[in-house]
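S.K.: The structure's right below; bear with me while I get my questions together.
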Amino acid sequence: MAGIYIHIPFCKQACTYCNFHFSTSLSRKADLLNAIVMEMDQRVRSDETIDSVYFGGGTPSLCSSKEIENLLSCLKRKVSFSKEIEITLECNPDDLSGQYLSDILEVGINRLSIGVQSFYDSDLKFMNRAHNSLEAKTCIQNALSAGFDNITIDLIYGSPTTTNDMWLENIQRALGSGIHHLSSYALTVEDKTKLNYDVKLGKVHVNEETAATQFDILLAQLNLYGFEQYEISNFCKEEKYAKHNTSYWQGNSYIGLGPAAHSYDGKKRRWNIANNALYMKGIREASIYWEEEVLTVNDRYNEYIMTGLRTKWGIKTVEISSLFGNDVYEYFQKSFAECAYKDKLLVSEGTITITEHGRFFADAIAASLFKI
Ligand code: SF4
């Protein structure tokens, strides 16, 4: 098993675009963390070595350093941590006081993923983020000063509040701030979000062309700052690839703990119920609190194509036949020959990757090779 994901389903307030699972009531945080420890006891085997732990959410930085320490020490009783283990905490800028940063470093967090999103108050207000532009600007320096040398931040492009000049300023500030990793996503309109509601009412317009232009602006800046794009939405310098997420993209197995957390064992996907009360009840009563599906060969092939094409490592034709058999390999060859996006693909020594120009269309390119 490559890694453990721990979902902390609490946030201070709901961002307008977010459809992740979280609650803005923290009253049962302690009970929920206890339930996660119980799930850990039930599901994590003791003879494994893991390479990564990822606290995601929600907002894991709403946990105290003591709570994080407790989760990590319970985990350490179940598995061995590899020497080079990556332990990431997703956090929001407004939670990162100097004392908190020192405390979480002390208890073992060695990588921060900070949800900056923008350095402009107008963007942050539109997104209903809990932090302001000053906190967005100071948190990175504070984290570096506290001793973190592995920091990634998230930035969102394509918001109707973000002009191209603002976006350029956001990128330059981020890439020049001393961080080694950036994740950047287009603002997307998800179901059951305030953004979706406002778009339907015609109060807000989210424009895909703006997003495409701003994605190009981002790509044009990377080289200037020594960053490479190693996944469609992920960029790093000095090969500081995100170990945990790279392991997902390479199809390795992992266990997800907590409500709404997903797990994968190479054959099955499992996802816990996205409801804090029902999750805790399920754990307490040892009843079923998850669903799972056994992946077919086609499912696994489609995932291989999708995740492989999104990374700089691409897909390898030799792996398609060895992993999925001759029938799938023949299907792949036929669909590749007929693929309408050939001009956006590079083929070299049996490896297929997407050209820089084609990267914005990665999902459509992958879908053209899917086997249904
Ligand atoms: S802080 Fe993160 S998880 Fe929470 S509402 Fe905002 S985007 Fe969603």
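Ordered as shown in the structure tokens, chains take letters A, B, and onward, while each chain numbers its residues from 1 and ligands are numbered from 1 in the order shown.
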List all protein, DNA and RNA residues that have an atom no more than 7 Å from any atom of ligand 1, counting only C-alpha atoms and all ligand atoms, and report them as a list in words.

M.R.: Phe10, Cys11, Gln13, Ala14, Cys15, Cys18, Asn19, Phe20, Phe22, Gly57, Gly58, Thr59, Asn92 and Arg129 of chain A

S.K.: Take the residues just selected and output them with C-alpha atoms as a compact mmCIF listing (two decimals), in the first residue's frame.

M.R.:
```
# COMPACT_ATOMS: atom_id res chain seq x y z
CA PHE A 10 -14.99 20.53 8.53
CA CYS A 11 -14.73 24.08 7.15
CA GLN A 13 -17.60 28.49 5.82
CA ALA A 14 -18.72 27.18 2.44
CA CYS A 15 -16.76 28.42 -0.57
CA CYS A 18 -17.07 23.77 -3.57
CA ASN A 19 -18.92 20.47 -3.63
CA PHE A 20 -16.54 18.49 -1.41
CA PHE A 22 -17.66 19.10 4.79
CA GLY A 57 -10.76 17.99 3.43
CA GLY A 58 -12.57 20.03 4.28
CA THR A 59 -9.97 22.01 6.18
CA ASN A 92 -6.08 27.56 4.79
CA ARG A 129 -13.01 32.16 1.11
```

S.K.: Within 7 Å of Ile315 of chain A, counting only C-alpha atoms, which residues qualify if same-chain residues fewer than 6 places away don't, as a JSON list (two decimals) with N, CA and C atoms, in the first residue's frame?

M.R.:
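Result file follows (result.json):
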```
[["chain", "number", "residue", "atom", "x", "y", "z"],
["A", 305, "ILE", "N", -5.57, 5.21, -19.03],
["A", 305, "ILE", "CA", -5.46, 6.19, -20.12],
["A", 305, "ILE", "C", -5.65, 7.61, -19.57],
["A", 308, "GLY", "N", -2.74, 8.51, -17.05],
["A", 308, "GLY", "CA", -1.44, 8.52, -17.74],
["A", 308, "GLY", "C", -1.30, 9.73, -18.66],
["A", 309, "LEU", "N", -2.35, 10.02, -19.42],
["A", 309, "LEU", "CA", -2.25, 11.14, -20.36],
["A", 309, "LEU", "C", -2.18, 12.48, -19.64],
["A", 351, "THR", "N", 6.00, 5.49, -25.87],
["A", 351, "THR", "CA", 5.32, 6.29, -24.85],
["A", 351, "THR", "C", 4.52, 7.40, -25.53],
["A", 352, "ILE", "N", 3.28, 7.58, -25.08],
["A", 352, "ILE", "CA", 2.42, 8.61, -25.69],
["A", 352, "ILE", "C", 2.13, 9.68, -24.64],
["A", 353, "THR", "N", 2.43, 10.91, -25.00],
["A", 353, "THR", "CA", 2.15, 12.04, -24.10],
["A", 353, "THR", "C", 1.38, 13.10, -24.89]]
```

S.K.: To test your reading of the structure, identify every residue in segment 212-361 of chain A that backbone DSSP assigns to helix (DSSP H, G or I), and report it as a PyMOL selection string.

M.R.: chain A and resi 212-225+243-249+276-285+297-310+317-324+326-337+342-344+359-361

S.K.: Given only C-alpha atoms as the basis, pick out the residue of A:Ala146, A:Asp121, A:Gly358, A:Val199 nearest to Leu345 of chain A.

M.R.: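 When distances to Leu345 of chain A are compared using only C-alpha atoms, the smallest one comes from A:Gly358.
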
S.K.: Counting only C-alpha atoms, figure out which residue out of A:Pro160, A:Glu84, A:Phe235, A:Trp249 gets nearest to His205 of chain A.

M.R.: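 The answer is A:Pro160, which sits nearest to His205 of chain A.
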
S.K.: Might you pull out every residue within 12 Å of Glu169 of chain A, with only C-alpha atoms counted and same-chain residues fewer than 3 positions away left off, and present them as JSON, numbers by chain?

M.R.: {"A": [118, 119, 120, 155, 157, 162, 163, 164, 165, 166, 172, 173, 174, 175, 176, 177, 214, 217, 218, 221]}

S.K.: Nearest to Leu219 of chain A among A:Ser253, A:Arg359, A:Glu291, A:Asp198, with distances taken over only C-alpha atoms: which residue is it?

M.R.: A:Arg359

S.K.: Mind pulling up the distance from atom CA of Gly314 of chain A to atom CA of Phe370 of chain A?

M.R.: 15.2 Å

S.K.: I want to know what sits within 12 Å of Gly178 of chain A, based on only C-alpha atoms, with residues of the same chain fewer than 3 positions away left out; could you give that as number ranges by chain?

M.R.: A: 139-145, 148-153, 172-175, 181-182, 225-227, 236-237

S.K.: Could you turn the residues from that selection into a file that holds N, CA and C atoms, as a PDB file, in the first residue's frame?

M.R.:
```
ATOM      1  N   CYS A 139       1.126  34.071   4.483  1.00  0.00           N
ATOM      2  CA  CYS A 139       1.199  32.690   4.985  1.00  0.00           C
ATOM      3  C   CYS A 139       2.383  31.930   4.389  1.00  0.00           C
ATOM      4  N   ILE A 140       2.737  32.221   3.144  1.00  0.00           N
ATOM      5  CA  ILE A 140       3.824  31.452   2.525  1.00  0.00           C
ATOM      6  C   ILE A 140       5.145  31.795   3.224  1.00  0.00           C
ATOM      7  N   GLN A 141       5.384  33.099   3.422  1.00  0.00           N
ATOM      8  CA  GLN A 141       6.618  33.512   4.095  1.00  0.00           C
ATOM      9  C   GLN A 141       6.659  32.949   5.514  1.00  0.00           C
ATOM     10  N   ASN A 142       5.515  32.976   6.201  1.00  0.00           N
ATOM     11  CA  ASN A 142       5.464  32.427   7.568  1.00  0.00           C
ATOM     12  C   ASN A 142       5.802  30.937   7.570  1.00  0.00           C
ATOM     13  N   ALA A 143       5.286  30.211   6.580  1.00  0.00           N
ATOM     14  CA  ALA A 143       5.542  28.765   6.530  1.00  0.00           C
ATOM     15  C   ALA A 143       7.021  28.488   6.243  1.00  0.00           C
ATOM     16  N   LEU A 144       7.605  29.285   5.330  1.00  0.00           N
ATOM     17  CA  LEU A 144       9.032  29.116   5.040  1.00  0.00           C
ATOM     18  C   LEU A 144       9.858  29.440   6.291  1.00  0.00           C
ATOM     19  N   SER A 145       9.499  30.520   6.983  1.00  0.00           N
ATOM     20  CA  SER A 145      10.249  30.918   8.183  1.00  0.00           C
ATOM     21  C   SER A 145      10.130  29.876   9.287  1.00  0.00           C
ATOM     22  N   PHE A 148       9.289  25.008   6.942  1.00  0.00           N
ATOM     23  CA  PHE A 148       8.747  24.110   5.908  1.00  0.00           C
ATOM     24  C   PHE A 148       9.512  24.325   4.601  1.00  0.00           C
ATOM     25  N   ASP A 149      10.026  23.234   4.033  1.00  0.00           N
ATOM     26  CA  ASP A 149      10.742  23.372   2.760  1.00  0.00           C
ATOM     27  C   ASP A 149      10.004  22.646   1.631  1.00  0.00           C
ATOM     28  N   ASN A 150       8.813  22.183   1.928  1.00  0.00           N
ATOM     29  CA  ASN A 150       8.006  21.515   0.897  1.00  0.00           C
ATOM     30  C   ASN A 150       6.579  22.070   0.990  1.00  0.00           C
ATOM     31  N   ILE A 151       6.342  23.101   0.192  1.00  0.00           N
ATOM     32  CA  ILE A 151       5.062  23.818   0.263  1.00  0.00           C
ATOM     33  C   ILE A 151       4.450  23.840  -1.126  1.00  0.00           C
ATOM     34  N   THR A 152       3.177  23.501  -1.189  1.00  0.00           N
ATOM     35  CA  THR A 152       2.448  23.703  -2.434  1.00  0.00           C
ATOM     36  C   THR A 152       1.290  24.649  -2.146  1.00  0.00           C
ATOM     37  N   ILE A 153       0.911  25.449  -3.128  1.00  0.00           N
ATOM     38  CA  ILE A 153      -0.293  26.261  -2.947  1.00  0.00           C
ATOM     39  C   ILE A 153      -1.255  25.974  -4.108  1.00  0.00           C
ATOM     40  N   GLN A 172       2.874  35.173 -10.873  1.00  0.00           N
ATOM     41  CA  GLN A 172       4.235  35.649 -10.610  1.00  0.00           C
ATOM     42  C   GLN A 172       4.504  35.700  -9.111  1.00  0.00           C
ATOM     43  N   ARG A 173       3.516  36.140  -8.362  1.00  0.00           N
ATOM     44  CA  ARG A 173       3.687  36.190  -6.906  1.00  0.00           C
ATOM     45  C   ARG A 173       3.880  34.776  -6.355  1.00  0.00           C
ATOM     46  N   ALA A 174       3.085  33.829  -6.860  1.00  0.00           N
ATOM     47  CA  ALA A 174       3.168  32.449  -6.355  1.00  0.00           C
ATOM     48  C   ALA A 174       4.507  31.811  -6.722  1.00  0.00           C
ATOM     49  N   LEU A 175       4.849  31.865  -8.016  1.00  0.00           N
ATOM     50  CA  LEU A 175       6.047  31.147  -8.460  1.00  0.00           C
ATOM     51  C   LEU A 175       7.334  31.785  -7.919  1.00  0.00           C
ATOM     52  N   HIS A 181       6.088  23.953  -5.429  1.00  0.00           N
ATOM     53  CA  HIS A 181       5.002  23.191  -6.076  1.00  0.00           C
ATOM     54  C   HIS A 181       3.752  24.067  -6.138  1.00  0.00           C
ATOM     55  N   LEU A 182       3.040  23.957  -7.252  1.00  0.00           N
ATOM     56  CA  LEU A 182       1.794  24.701  -7.434  1.00  0.00           C
ATOM     57  C   LEU A 182       0.751  23.762  -8.039  1.00  0.00           C
ATOM     58  N   TYR A 225      10.345  30.616 -14.229  1.00  0.00           N
ATOM     59  CA  TYR A 225      10.573  30.405 -12.789  1.00  0.00           C
ATOM     60  C   TYR A 225      11.129  29.003 -12.496  1.00  0.00           C
ATOM     61  N   GLY A 226      11.494  28.261 -13.546  1.00  0.00           N
ATOM     62  CA  GLY A 226      12.091  26.936 -13.342  1.00  0.00           C
ATOM     63  C   GLY A 226      11.097  25.854 -12.944  1.00  0.00           C
ATOM     64  N   PHE A 227       9.810  26.083 -13.244  1.00  0.00           N
ATOM     65  CA  PHE A 227       8.793  25.078 -12.916  1.00  0.00           C
ATOM     66  C   PHE A 227       8.486  24.219 -14.135  1.00  0.00           C
ATOM     67  N   CYS A 236       5.932  21.810 -10.646  1.00  0.00           N
ATOM     68  CA  CYS A 236       6.907  21.846  -9.550  1.00  0.00           C
ATOM     69  C   CYS A 236       8.271  22.214 -10.096  1.00  0.00           C
ATOM     70  N   LYS A 237       9.180  22.557  -9.188  1.00  0.00           N
ATOM     71  CA  LYS A 237      10.572  22.705  -9.599  1.00  0.00           C
ATOM     72  C   LYS A 237      11.417  21.747  -8.787  1.00  0.00           C
TER      73      LYS A 237
END
```

S.K.: May I have the residues within 10 Å of Ser335 of chain A as a PyMOL selection string, using only C-alpha atoms and disregarding those fewer than 6 positions away in the same chain?

M.R.: chain A and resi 329+368-371

S.K.: Quick one: distance from atom CA of Ala212 of chain A to atom CA of Leu168 of chain A in Å, one decimal?

M.R.: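 Taking atom CA of Ala212 of chain A and atom CA of Leu168 of chain A, their separation equals 13.6 Å.
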